[in-house]
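Shown next: model.tsv, containing TSV, C-alpha atoms and all ligand atoms.
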chain	number	residue	atom	x	y	z
A	1	MET	CA	10.98	14.00	5.28
A	2	GLN	CA	14.66	14.57	5.00
A	3	PHE	CA	15.94	17.23	2.65
A	4	ILE	CA	19.62	17.37	2.10
A	5	GLY	CA	21.27	20.52	3.32
A	6	ALA	CA	24.99	20.24	2.66
A	7	PRO	CA	26.32	19.16	-0.75
A	8	LEU	CA	27.02	15.45	-1.06
A	9	GLN	CA	30.51	14.06	-1.04
A	10	ASP	CA	31.72	13.33	-4.51
A	11	CYS	CA	32.38	9.63	-4.31
A	12	GLY	CA	31.58	6.58	-2.29
A	13	GLU	CA	33.93	7.10	0.64
A	14	GLU	CA	31.19	8.71	2.76
A	15	LYS	CA	28.85	5.74	2.22
A	16	ALA	CA	28.26	5.19	5.91
A	17	ASP	CA	26.75	8.65	6.34
A	18	LEU	CA	24.54	8.56	3.29
A	19	ALA	CA	20.91	7.50	3.13
A	20	PHE	CA	20.17	4.61	0.76
A	21	ILE	CA	19.06	7.10	-1.91
A	22	GLU	CA	20.30	10.69	-1.88
A	23	ILE	CA	18.92	13.08	-4.48
A	24	GLU	CA	20.27	16.59	-4.66
A	25	GLY	CA	19.15	19.45	-6.88
A	26	LEU	CA	17.57	17.11	-9.42
A	27	THR	CA	16.36	18.81	-12.60
A	28	LYS	CA	15.18	17.31	-15.85
A	29	LYS	CA	14.55	19.75	-18.65
A	30	TYR	CA	13.23	18.60	-22.02
A	31	SER	CA	13.23	21.96	-23.77
A	32	GLU	CA	13.45	25.67	-22.93
A	33	ASP	CA	10.13	25.66	-21.09
A	34	VAL	CA	9.40	21.94	-20.50
A	35	TYR	CA	10.70	20.81	-17.12
A	36	ALA	CA	9.78	17.33	-15.90
A	37	LEU	CA	11.64	17.88	-12.59
A	38	ARG	CA	12.69	21.18	-11.05
A	39	SER	CA	15.60	21.14	-8.66
A	40	PHE	CA	14.51	19.10	-5.68
A	41	SER	CA	16.30	17.09	-3.04
A	42	LEU	CA	15.15	13.99	-1.23
A	43	ALA	CA	16.60	11.18	0.85
A	44	VAL	CA	15.18	7.68	1.15
A	45	GLU	CA	16.38	5.41	3.95
A	46	LYS	CA	17.28	1.76	3.47
A	47	GLY	CA	14.20	-0.43	3.80
A	48	GLU	CA	11.83	2.50	3.43
A	49	TRP	CA	8.64	2.24	1.35
A	50	LEU	CA	8.08	5.59	-0.34
A	51	ALA	CA	5.05	6.47	-2.44
A	52	VAL	CA	5.58	9.22	-5.02
A	53	MET	CA	2.21	10.74	-5.81
A	54	GLY	CA	0.93	13.58	-7.92
A	55	PRO	CA	-1.18	14.31	-10.99
A	56	SER	CA	-0.36	13.13	-14.50
A	57	GLY	CA	2.55	15.03	-16.00
A	58	SER	CA	4.03	16.01	-12.61
A	59	GLY	CA	7.31	14.15	-13.22
A	60	LYS	CA	6.75	10.87	-11.33
A	61	SER	CA	7.84	8.53	-14.13
A	62	THR	CA	10.83	10.73	-14.98
A	63	LEU	CA	12.01	10.47	-11.37
A	64	LEU	CA	11.61	6.70	-11.38
A	65	ASN	CA	13.42	6.37	-14.71
A	66	ILE	CA	16.34	8.42	-13.39
A	67	LEU	CA	16.53	6.30	-10.23
A	68	GLY	CA	16.56	3.18	-12.40
A	69	CYS	CA	19.22	4.61	-14.76
A	70	LEU	CA	16.81	4.52	-17.70
A	71	ASP	CA	17.14	8.31	-18.03
A	72	SER	CA	19.67	10.88	-16.85
A	73	PRO	CA	19.12	14.26	-15.21
A	74	THR	CA	19.91	17.61	-16.80
A	75	GLU	CA	21.31	18.80	-13.46
A	76	GLY	CA	21.75	17.45	-9.96
A	77	ARG	CA	22.99	14.29	-8.42
A	78	VAL	CA	21.56	10.90	-7.54
A	79	VAL	CA	23.49	8.58	-5.25
A	80	VAL	CA	22.15	5.08	-4.58
A	81	GLU	CA	23.93	2.92	-2.00
A	82	GLY	CA	26.93	5.19	-2.23
A	83	GLU	CA	27.13	5.02	-6.06
A	84	ASN	CA	26.90	8.35	-7.83
A	85	LEU	CA	24.82	7.35	-10.87
A	86	GLY	CA	26.04	10.34	-12.89
A	87	ARG	CA	29.60	8.99	-12.73
A	88	LEU	CA	28.86	5.48	-13.93
A	89	GLY	CA	29.76	4.56	-17.51
A	90	ARG	CA	27.43	2.55	-19.73
A	91	ALA	CA	28.69	-0.84	-18.59
A	92	ASP	CA	28.49	0.12	-14.91
A	93	LEU	CA	24.99	1.52	-15.36
A	94	ALA	CA	23.89	-1.79	-16.91
A	95	ARG	CA	25.52	-3.68	-14.02
A	96	PHE	CA	23.86	-1.37	-11.49
A	97	ARG	CA	20.42	-1.94	-13.09
A	98	ALA	CA	20.83	-5.71	-13.29
A	99	GLU	CA	22.24	-6.17	-9.79
A	100	LYS	CA	20.52	-3.59	-7.67
A	101	VAL	CA	17.20	-2.63	-9.23
A	102	GLY	CA	13.95	-4.51	-9.76
A	103	PHE	CA	11.37	-2.77	-11.97
A	104	ILE	CA	7.62	-3.28	-11.83
A	105	PHE	CA	5.71	-1.35	-14.50
A	106	GLN	CA	2.04	-0.67	-15.04
A	107	GLN	CA	2.34	-2.01	-18.60
A	108	PHE	CA	4.15	-5.17	-17.40
A	109	HIS	CA	6.75	-5.12	-20.26
A	110	LEU	CA	6.91	-8.90	-20.46
A	111	VAL	CA	8.45	-10.43	-23.60
A	112	PRO	CA	5.34	-11.67	-25.45
A	113	TYR	CA	6.87	-14.78	-27.05
A	114	LEU	CA	8.52	-16.06	-23.84
A	115	THR	CA	6.67	-18.08	-21.19
A	116	ALA	CA	6.25	-16.80	-17.63
A	117	LEU	CA	9.18	-18.99	-16.58
A	118	GLU	CA	11.40	-17.77	-19.44
A	119	ASN	CA	10.58	-14.13	-18.70
A	120	VAL	CA	11.85	-14.59	-15.15
A	121	MET	CA	14.89	-16.56	-16.35
A	122	LEU	CA	15.75	-13.75	-18.77
A	123	ALA	CA	16.21	-11.39	-15.81
A	124	GLN	CA	18.47	-14.00	-14.17
A	125	TYR	CA	20.47	-14.27	-17.38
A	126	PHE	CA	21.09	-10.50	-17.49
A	127	HIS	CA	22.18	-10.60	-13.87
A	128	SER	CA	24.41	-13.69	-13.91
A	129	LEU	CA	23.18	-17.20	-14.68
A	130	ALA	CA	19.70	-18.50	-15.39
A	131	ASP	CA	18.47	-21.08	-12.88
A	132	GLU	CA	15.19	-22.74	-13.85
A	133	GLN	CA	14.43	-24.18	-10.41
A	134	GLU	CA	14.92	-20.82	-8.74
A	135	ALA	CA	12.79	-19.04	-11.36
A	136	ALA	CA	9.99	-21.62	-10.96
A	137	GLU	CA	10.16	-21.18	-7.17
A	138	ALA	CA	9.84	-17.39	-7.54
A	139	LEU	CA	6.71	-17.88	-9.67
A	140	ARG	CA	5.28	-20.36	-7.18
A	141	HIS	CA	5.86	-17.80	-4.45
A	142	VAL	CA	3.59	-15.30	-6.23
A	143	GLY	CA	0.93	-17.98	-6.71
A	144	LEU	CA	1.74	-18.87	-10.33
A	145	GLY	CA	3.04	-22.42	-9.88
A	146	GLU	CA	0.41	-23.64	-12.34
A	147	ARG	CA	1.22	-21.01	-14.97
A	148	LEU	CA	4.95	-21.51	-15.59
A	149	GLN	CA	4.60	-22.40	-19.26
A	150	HIS	CA	1.95	-19.81	-20.16
A	151	LEU	CA	2.70	-16.93	-22.50
A	152	PRO	CA	1.82	-13.42	-21.25
A	153	SER	CA	-1.19	-13.35	-23.63
A	154	GLN	CA	-2.53	-16.46	-21.87
A	155	LEU	CA	-2.39	-14.76	-18.45
A	156	SER	CA	-4.78	-12.27	-16.86
A	157	GLY	CA	-3.55	-8.75	-16.05
A	158	GLY	CA	-3.14	-9.71	-12.40
A	159	GLU	CA	-1.15	-12.82	-13.28
A	160	GLN	CA	1.09	-10.85	-15.66
A	161	GLN	CA	1.80	-8.35	-12.91
A	162	ARG	CA	2.69	-11.20	-10.57
A	163	VAL	CA	5.17	-12.49	-13.18
A	164	CYS	CA	6.65	-8.96	-13.14
A	165	VAL	CA	6.95	-9.09	-9.35
A	166	ALA	CA	8.72	-12.48	-9.59
A	167	ARG	CA	10.99	-11.12	-12.35
A	168	ALA	CA	11.77	-7.96	-10.37
A	169	LEU	CA	12.73	-9.97	-7.30
A	170	ILE	CA	14.57	-12.91	-8.79
A	171	ASN	CA	17.97	-11.25	-8.35
A	172	GLN	CA	17.22	-10.01	-4.81
A	173	PRO	CA	17.47	-6.31	-5.73
A	174	ASN	CA	17.96	-3.88	-2.89
A	175	LEU	CA	15.84	-1.29	-4.67
A	176	VAL	CA	12.38	-1.99	-6.09
A	177	LEU	CA	11.00	0.67	-8.44
A	178	ALA	CA	7.30	0.39	-9.24
A	179	ASP	CA	5.39	2.60	-11.68
A	180	GLU	CA	1.61	2.46	-11.07
A	181	PRO	CA	1.94	-1.26	-10.20
A	182	THR	CA	-1.81	-1.73	-9.76
A	183	GLY	CA	-2.92	0.67	-12.50
A	184	ASN	CA	-4.24	-2.11	-14.75
A	185	LEU	CA	-5.56	-4.49	-12.11
A	186	ASP	CA	-8.98	-5.31	-10.71
A	187	GLU	CA	-9.54	-5.10	-6.96
A	188	VAL	CA	-8.78	-8.73	-6.18
A	189	ASN	CA	-5.46	-8.69	-8.06
A	190	GLU	CA	-4.65	-5.27	-6.66
A	191	ALA	CA	-4.98	-6.78	-3.17
A	192	ILE	CA	-2.72	-9.72	-4.12
A	193	VAL	CA	-0.03	-7.48	-5.63
A	194	MET	CA	-0.12	-5.04	-2.73
A	195	GLY	CA	0.17	-8.03	-0.38
A	196	LEU	CA	3.38	-8.96	-2.22
A	197	PHE	CA	4.68	-5.40	-1.79
A	198	THR	CA	3.97	-5.65	1.93
A	199	GLU	CA	6.07	-8.83	2.00
A	200	LEU	CA	8.89	-7.08	0.12
A	201	HIS	CA	8.83	-4.24	2.58
A	202	ARG	CA	8.96	-6.66	5.51
A	203	ALA	CA	11.90	-8.44	3.90
A	204	GLY	CA	13.82	-5.14	3.95
A	205	HIS	CA	13.71	-4.08	0.28
A	206	THR	CA	13.66	-0.34	-0.33
A	207	ILE	CA	10.60	0.47	-2.44
A	208	VAL	CA	9.92	3.62	-4.44
A	209	MET	CA	6.41	3.34	-5.84
A	210	VAL	CA	4.77	5.82	-8.17
A	211	THR	CA	0.99	6.04	-7.92
A	212	HIS	CA	-1.70	8.61	-8.49
A	213	ASP	CA	-4.13	6.58	-6.34
A	214	PRO	CA	-4.31	7.89	-2.75
A	215	GLU	CA	-5.60	4.54	-1.52
A	216	ILE	CA	-2.52	2.74	-2.85
A	217	GLY	CA	-0.29	5.55	-1.54
A	218	ARG	CA	-1.60	4.89	1.96
A	219	MET	CA	0.06	1.49	1.91
A	220	ALA	CA	3.51	3.09	1.90
A	221	GLU	CA	5.38	4.25	4.99
A	222	ARG	CA	5.86	7.74	3.62
A	223	ARG	CA	4.34	9.73	0.81
A	224	VAL	CA	5.69	12.65	-1.16
A	225	GLU	CA	3.83	14.50	-3.87
A	226	LEU	CA	5.18	16.03	-7.05
A	227	HIS	CA	3.56	19.13	-8.52
A	228	HIS	CA	4.98	20.43	-11.79
A	229	GLY	CA	8.25	18.67	-11.03
A	230	ARG	CA	8.56	20.10	-7.52
A	231	LEU	CA	8.26	18.16	-4.31
A	232	ALA	CA	5.68	18.58	-1.54
A	233	ASP	CA	5.85	16.44	1.59
A	234	LEU	CA	2.73	14.56	2.61
A	235	SER	CA	4.19	12.81	5.61
A	236	ALA	CA	2.34	15.14	7.97
A	237	PHE	CA	-0.86	13.27	7.16
A	238	PRO	CA	-1.45	10.29	9.45
A	239	ALA	CA	-0.94	6.99	7.68
A	240	ARG	CA	-3.66	5.32	9.69
A	241	GLU	CA	-6.81	6.65	11.26
A	242	GLU	CA	-8.09	4.47	14.04
A	243	GLU	CA	-11.62	5.85	13.68
A	244	LEU	CA	-11.69	4.86	10.02
A	245	VAL	CA	-10.56	1.37	10.99
A	246	ASP	CA	-13.37	1.18	13.56
A	247	ASP	CA	-15.89	2.33	10.94
A	248	LEU	CA	-14.71	-0.27	8.44
A	249	LEU	CA	-14.86	-3.03	11.06
A	250	LYS	CA	-18.42	-1.91	11.79
A	251	ALA	CA	-19.23	-2.09	8.08
A	252	VAL	CA	-17.98	-5.70	7.93
A	253	TRP	CA	-19.98	-6.58	11.04
A	254	HIS	CA	-23.13	-5.04	9.51
A	255	ALA	CA	-22.63	-6.97	6.26
A	256	GLN	CA	-22.17	-10.21	8.23
A	257	GLU	CA	-25.41	-9.52	10.11
A	258	ASP	CA	-27.29	-8.62	6.91
A	259	THR	CA	-26.15	-11.67	4.96
A	260	GLY	CA	-25.94	-14.09	7.88
A	261	LYS	CA	-22.53	-15.16	6.54
A	262	PRO	CA	-19.14	-14.78	8.27
A	263	VAL	CA	-17.20	-14.79	4.96
A	264	LEU	CA	-18.32	-12.08	2.54
A	265	ALA	CA	-17.91	-11.31	-1.14
A	266	LEU	CA	-16.10	-7.96	-1.49
A	267	ASP	CA	-19.16	-6.27	-2.99
A	268	ALA	CA	-21.20	-7.20	0.10
A	269	VAL	CA	-19.24	-4.46	1.91
A	270	PRO	CA	-19.91	-1.22	-0.04
A	271	GLU	CA	-17.12	0.55	1.87
A	272	PHE	CA	-14.49	-1.83	0.48
A	273	ARG	CA	-14.02	-0.09	-2.88
A	274	ALA	CA	-13.11	3.34	-1.53
A	275	ASN	CA	-10.92	1.92	1.25
A	276	ARG	CA	-9.03	-0.91	-0.42
A	277	ALA	CA	-5.60	-0.03	0.90
A	278	THR	CA	-6.91	0.49	4.42
A	279	PHE	CA	-8.44	-2.99	4.29
A	280	LEU	CA	-5.06	-4.35	3.17
A	281	LEU	CA	-3.38	-2.66	6.11
A	282	MET	CA	-6.09	-4.11	8.35
A	283	ALA	CA	-5.38	-7.57	6.89
A	284	ARG	CA	-1.70	-7.06	7.70
A	285	ASP	CA	-2.69	-6.30	11.31
A	286	GLU	CA	-4.93	-9.40	11.49
A	287	LEU	CA	-8.05	-7.29	11.84
A	288	VAL	CA	-9.64	-8.70	8.69
A	289	CYS	CA	-8.96	-11.69	6.52
A	290	LEU	CA	-8.73	-10.93	2.78
A	291	GLU	CA	-8.44	-14.10	0.74
A	292	ASP	CA	-9.49	-15.13	-2.76
A	293	GLY	CA	-11.78	-12.15	-3.20
A	294	THR	CA	-13.53	-12.60	0.15
A	295	LEU	CA	-13.53	-10.58	3.33
A	296	ALA	CA	-14.05	-11.68	6.95
A	297	LEU	CA	-13.24	-10.43	10.42
A	298	ALA	CA	-9.97	-11.90	11.70
A	299	THR	CA	-8.71	-12.83	15.18
A	300	ARG	CA	-8.01	-9.30	16.31
A	301	GLY	CA	-10.79	-7.67	14.32
A	302	GLU	CA	-13.73	-9.67	15.64
A	303	PRO	CA	-13.48	-8.54	19.30
A	304	ARG	CA	-12.70	-4.97	18.22
A	305	ALA	CA	-15.73	-4.90	15.89
A	306	ARG	CA	-17.91	-6.44	18.63
A	307	GLU	CA	-16.78	-3.72	21.05
A	308	ILE	CA	-17.41	-0.80	18.68
A	309	ILE	CA	-20.84	-2.17	17.70
A	310	ARG	CA	-21.65	-2.60	21.37
A	311	ARG	CA	-20.62	0.99	22.19
A	312	HIS	CA	-22.57	2.33	19.23
A	313	ARG	CA	-25.79	0.48	20.05
A	314	LEU	CA	-25.58	1.24	23.78
A	315	ALA	CA	-25.10	4.92	22.90
A	316	GLU	CA	-28.20	4.77	20.70
A	317	ARG	CA	-30.13	3.17	23.59
A	318	LEU	CA	-28.98	5.94	25.92
A	319	PHE	CA	-30.04	8.72	23.55
A	320	PHE	CA	-33.40	7.06	22.87
A	321	ASP	CA	-34.39	5.87	26.34
A	322	THR	CA	-32.91	8.65	28.44
A	323	PHE	CA	-33.03	11.73	26.22
A	324	GLY	CA	-35.98	10.75	24.01
A	325	LEU	CA	-33.99	11.50	20.86
A	326	GLU	CA	-35.86	10.77	17.64
A	327	ALA	CA	-34.98	7.53	15.86
A	328	ASP	CA	-33.51	9.20	12.76
A	329	LEU	CA	-31.06	11.25	14.87
A	330	LEU	CA	-29.72	8.29	16.83
A	331	GLU	CA	-27.22	6.98	14.31
A	332	ALA	CA	-25.34	10.25	13.80
A	333	ASN	CA	-25.22	11.03	17.52
A	334	ALA	CA	-24.06	7.55	18.46
A	335	CYS	CA	-21.31	7.76	15.80
A	336	ARG	CA	-20.14	10.97	17.41
A	337	ILE	CA	-19.46	9.44	20.83
A	338	GLU	CA	-18.76	5.77	20.09
A	339	HIS	CA	-15.02	6.36	19.51
A	340	THR	CA	-14.59	8.19	22.79
A	341	LEU	CA	-16.30	5.80	25.24
A	342	SER	CA	-13.74	3.89	27.31
A	343	ALA	CA	-14.31	0.23	28.19
A	344	GLU	CA	-15.07	1.26	31.78
A	345	VAL	CA	-17.66	3.87	30.80
A	346	THR	CA	-19.25	1.42	28.35
A	347	GLU	CA	-19.74	-1.15	31.13
A	348	LYS	CA	-21.21	1.52	33.42
A	349	LEU	CA	-23.56	2.60	30.65
A	350	CYS	CA	-24.64	-0.98	30.08
A	351	ARG	CA	-25.41	-1.45	33.79
A	352	PHE	CA	-27.25	1.88	33.93
A	353	LEU	CA	-29.43	0.80	30.97
A	354	LYS	CA	-29.97	-2.63	32.61
A	355	HIS	CA	-28.05	-4.61	29.98
A	356	PRO	CA	-30.37	-4.02	27.02
A	357	GLN	CA	-30.50	-6.82	24.42
A	358	THR	CA	-31.24	-4.66	21.38
A	359	CYS	CA	-30.70	-1.13	20.08
A	360	PRO	CA	-33.77	1.07	19.39
A	361	HIS	CA	-33.78	-0.20	15.78
A	362	GLY	CA	-34.00	-3.81	16.99
A	363	SER	CA	-30.44	-4.93	16.22
A	364	PRO	CA	-28.75	-7.10	18.88
A	365	ILE	CA	-26.29	-5.49	21.28
A	366	PRO	CA	-23.26	-7.79	21.72
A	367	ARG	CA	-22.93	-8.95	25.31
A	368	GLY	CA	-20.23	-7.43	27.51
A	369	VAL	CA	-18.32	-8.76	30.52
A	370	CYS	CA	-20.81	-7.00	32.82
A	371	CYS	CA	-23.86	-8.66	31.28
A	372	PRO	CA	-25.58	-11.53	33.08
A	373	ARG	CA	-25.02	-14.81	31.20
B	401	LIG	P1	4.05	11.62	-14.75
B	401	LIG	O1	4.75	10.30	-14.63
B	401	LIG	O2	3.85	12.30	-13.42
B	401	LIG	O3	2.77	11.52	-15.52
B	401	LIG	P2	6.22	12.32	-16.54
B	401	LIG	O4	7.46	12.15	-15.74
B	401	LIG	O5	5.87	11.26	-17.52
B	401	LIG	O6	5.00	12.63	-15.56
B	401	LIG	O7	6.33	13.70	-17.35
B	401	LIG	C1	6.61	14.95	-16.74
B	401	LIG	C2	6.61	16.06	-17.79
B	401	LIG	O8	7.69	15.88	-18.69
B	401	LIG	C3	5.35	16.12	-18.63
B	401	LIG	O9	5.04	17.45	-18.88
B	401	LIG	C4	5.75	15.41	-19.90
B	401	LIG	O10	5.00	15.89	-21.01
B	401	LIG	C5	7.21	15.79	-20.03
B	401	LIG	N1	7.97	14.75	-20.73
B	401	LIG	C6	8.17	13.48	-20.28
B	401	LIG	N2	8.95	12.80	-21.16
B	401	LIG	C7	9.24	13.66	-22.18
B	401	LIG	C8	10.00	13.58	-23.40
B	401	LIG	N3	10.64	12.46	-23.73
B	401	LIG	N4	10.07	14.68	-24.18
B	401	LIG	C9	9.46	15.83	-23.84
B	401	LIG	N5	8.74	15.99	-22.71
B	401	LIG	C10	8.62	14.93	-21.90
Could I get this structure in the form of structure tokens?
Ligand code: ADP
Amino acid sequence: MQFIGAPLQDCGEEKADLAFIEIEGLTKKYSEDVYALRSFSLAVEKGEWLAVMGPSGSGKSTLLNILGCLDSPTEGRVVVEGENLGRLGRADLARFRAEKVGFIFQQFHLVPYLTALENVMLAQYFHSLADEQEAAEALRHVGLGERLQHLPSQLSGGEQQRVCVARALINQPNLVLADEPTGNLDEVNEAIVMGLFTELHRAGHTIVMVTHDPEIGRMAERRVELHHGRLADLSAFPAREEELVDDLLKAVWHAQEDTGKPVLALDAVPEFRANRATFLLMARDELVCLEDGTLALATRGEPRAREIIRRHRLAERLFFDTFGLEADLLEANACRIEHTLSAEVTEKLCRFLKHPQTCPHGSPIPRGVCCPR
């Protein structure tokens, strides 16, 4: 994380040297002893996806509101794309919000008596000119082509949030501010909305996303945490753990074996719920396929799952046949070494064990390149 050392230049002439968002000494005080934010500094680079995490009341929404010019700080400075927000007058603040910022809120904030299409067109109107074709296209892009004329009350929570995503993006804002964007969504819609965020990130939008959910926070490139209005950096934690990915691929493989089906309902994989964001990242990497509330192994995931299952079951065979380990101890011991066996050692182990067909529990061991056909 990048804290700002030297004071910022006063106006936009140093734009080239500034990060996309520069926050310096930001404080928001509501009364003598109520501070929402306490003098912190932070820089966010262009195109970065930052998750702001922390418990309720830690100042997350206040920070987002200040970045979106919906609130102003008591002290400190916020510069976005070279514009010092504290120096903008009312008209310029409105222009800044309309042109540069897209908001996505937990509570949606859609106008209840306007259709999905009209809600998106309203954002266009505030920016410049409403364009019905463009608004309809934005809704089609988020999968709502069939819902253009529906009122918010006729849409599910997930669909309303997708209207918000379309509305936030219609004016191509450089900065997307999201406050608990999946807070009111079920798992399937959460996956769809997070998929849209992944697209936004790929397209180069800078995203500042507030969430208290660590699983959603994992989706972001970088995470910071607020505690009582002060900032703690979480970027030291690895964003991805390869062992966790291996374990989740194994879980999908097991569920496919148990059900005999390659495409699974989400609840057929008990691990899905606690690892939703990791599964989304795995979908992004073509390890799994997450579509319409189903889960399957994808092109890159199938061979990787096959390999980890093979290593695990060969390790169980080794412990059982060679060391006489009791059946109930096999699983834990195999888990311990399965991540460390190289491909070469696995093939040697397979040859040594004479290419066994099943593990000691009777489950099939996937064939390897060394196995006779
Ligand atoms: P979070 O989004 O992390 O839940 P908030 O930014 O909403 O936190 O609030 C941070 C702190 O500021 C809380 O203690 C909250 O009670 C206080 N606060 C927020 N808005 C106001 C307000 N308008 N008046 C007084 N206190 C407020």
Taking only C-alpha atoms and all ligand atoms into account, which residues are within 8 Å of ligand LIG 401 (chain B), as a PyMOL selection string?
chain A and resi 29-31+34-37+53-63+210+226+228-229
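When only C-alpha atoms are used to compute distances to Ala94 (chain A), the closest of the residues A:Phe126, A:Phe40, A:Phe279, A:Phe108 turns out to be A:Phe126.
Here CA of Gly143 (chain A) stands at a distance of 26.2 Å from CA of Arg300 (chain A).
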Tell me, in Å to one decimal, how far CA of Leu297 (chain A) is from CA of Leu196 (chain A).
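Interatomic distance, CA of Leu297 (chain A) to CA of Leu196 (chain A): 20.9 Å.
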Show me a table, sorted first by chain and then by increasing residue number, of the residues of region 130-227 of chain A having an atom at most 10 Å from region 67-80 of chain A, each with its shortest atom pair and the distance in Å to one decimal, counting all atoms listed in the file and written as a tab-separated table.
residue	atom	partner	partner_atom	distance
A:Leu175	CA	A:Gly68	CA	9.0
A:Val176	CA	A:Gly68	CA	9.2
A:Leu177	CA	A:Gly68	CA	7.3
A:Val208	CA	A:Leu67	CA	9.2
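Minimum atom-to-atom distances from A:Met282, A:Ala274, A:Ala296, A:Ile365 to Gly195 (chain A) were compared using all atoms listed in the file, and the lowest value belongs to A:Met282.
For the atom pair formed by CA of Ala265 (chain A) and CA of Thr294 (chain A), the distance is 4.7 Å, given to one decimal.
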Find the residues around Gly362 (chain A) up to 12 Å (all atoms listed in the file counted), leave out those fewer than 3 positions away in its own chain, and share them as a PDB file with C-alpha atoms, in the coordinates of the input.
ATOM      1  CA  ARG A 313     -25.790   0.480  20.050  1.00  0.00           C
ATOM      2  CA  LEU A 314     -25.580   1.240  23.780  1.00  0.00           C
ATOM      3  CA  GLU A 316     -28.200   4.770  20.700  1.00  0.00           C
ATOM      4  CA  ARG A 317     -30.130   3.170  23.590  1.00  0.00           C
ATOM      5  CA  ALA A 327     -34.980   7.530  15.860  1.00  0.00           C
ATOM      6  CA  PRO A 356     -30.370  -4.020  27.020  1.00  0.00           C
ATOM      7  CA  GLN A 357     -30.500  -6.820  24.420  1.00  0.00           C
ATOM      8  CA  THR A 358     -31.240  -4.660  21.380  1.00  0.00           C
ATOM      9  CA  CYS A 359     -30.700  -1.130  20.080  1.00  0.00           C
ATOM     10  CA  ILE A 365     -26.290  -5.490  21.280  1.00  0.00           C
TER      11      ILE A 365
END
For Asp267 (chain A): contacts at 10 Å, all atoms listed in the file, fewer than 6 positions along chain excluded, given as a ChimeraX atom specification
/A:255,273,293-295
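Nearest residue to Glu81 (chain A), choosing from A:Asn174, A:Asn189, A:Thr211, A:Ser153 and counting all atoms listed in the file: A:Asn174.
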Quick one: residues within 9 Å of Gln124 (chain A), all atoms listed in the file counted, chain neighbours fewer than 4 positions away excluded, as a list in words?
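In the requested form, the answer reads Ala98, Val120, Ser128, Leu129, Ala130, Asp131, Ala135, Arg167, Ile170 and Asn171 of chain A.
Proximity to Lys100 (chain A) was assessed for A:Leu122, A:Leu50, A:Leu155, A:Ile207 counting all atoms listed in the file; the smallest distance is recorded for A:Ile207.
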Top pick for closest residue to Phe272 (chain A), considering A:Lys250, A:Arg140, A:Arg310, A:Arg367 and counting all atoms listed in the file
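With all atoms listed in the file as the atom set, the closest residue is A:Lys250.
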Nearest to Leu330 (chain A), chosen from A:Ala277, A:Leu318, A:Ile66, A:Ile309, with all atoms listed in the file counted in the distances:
A:Leu318
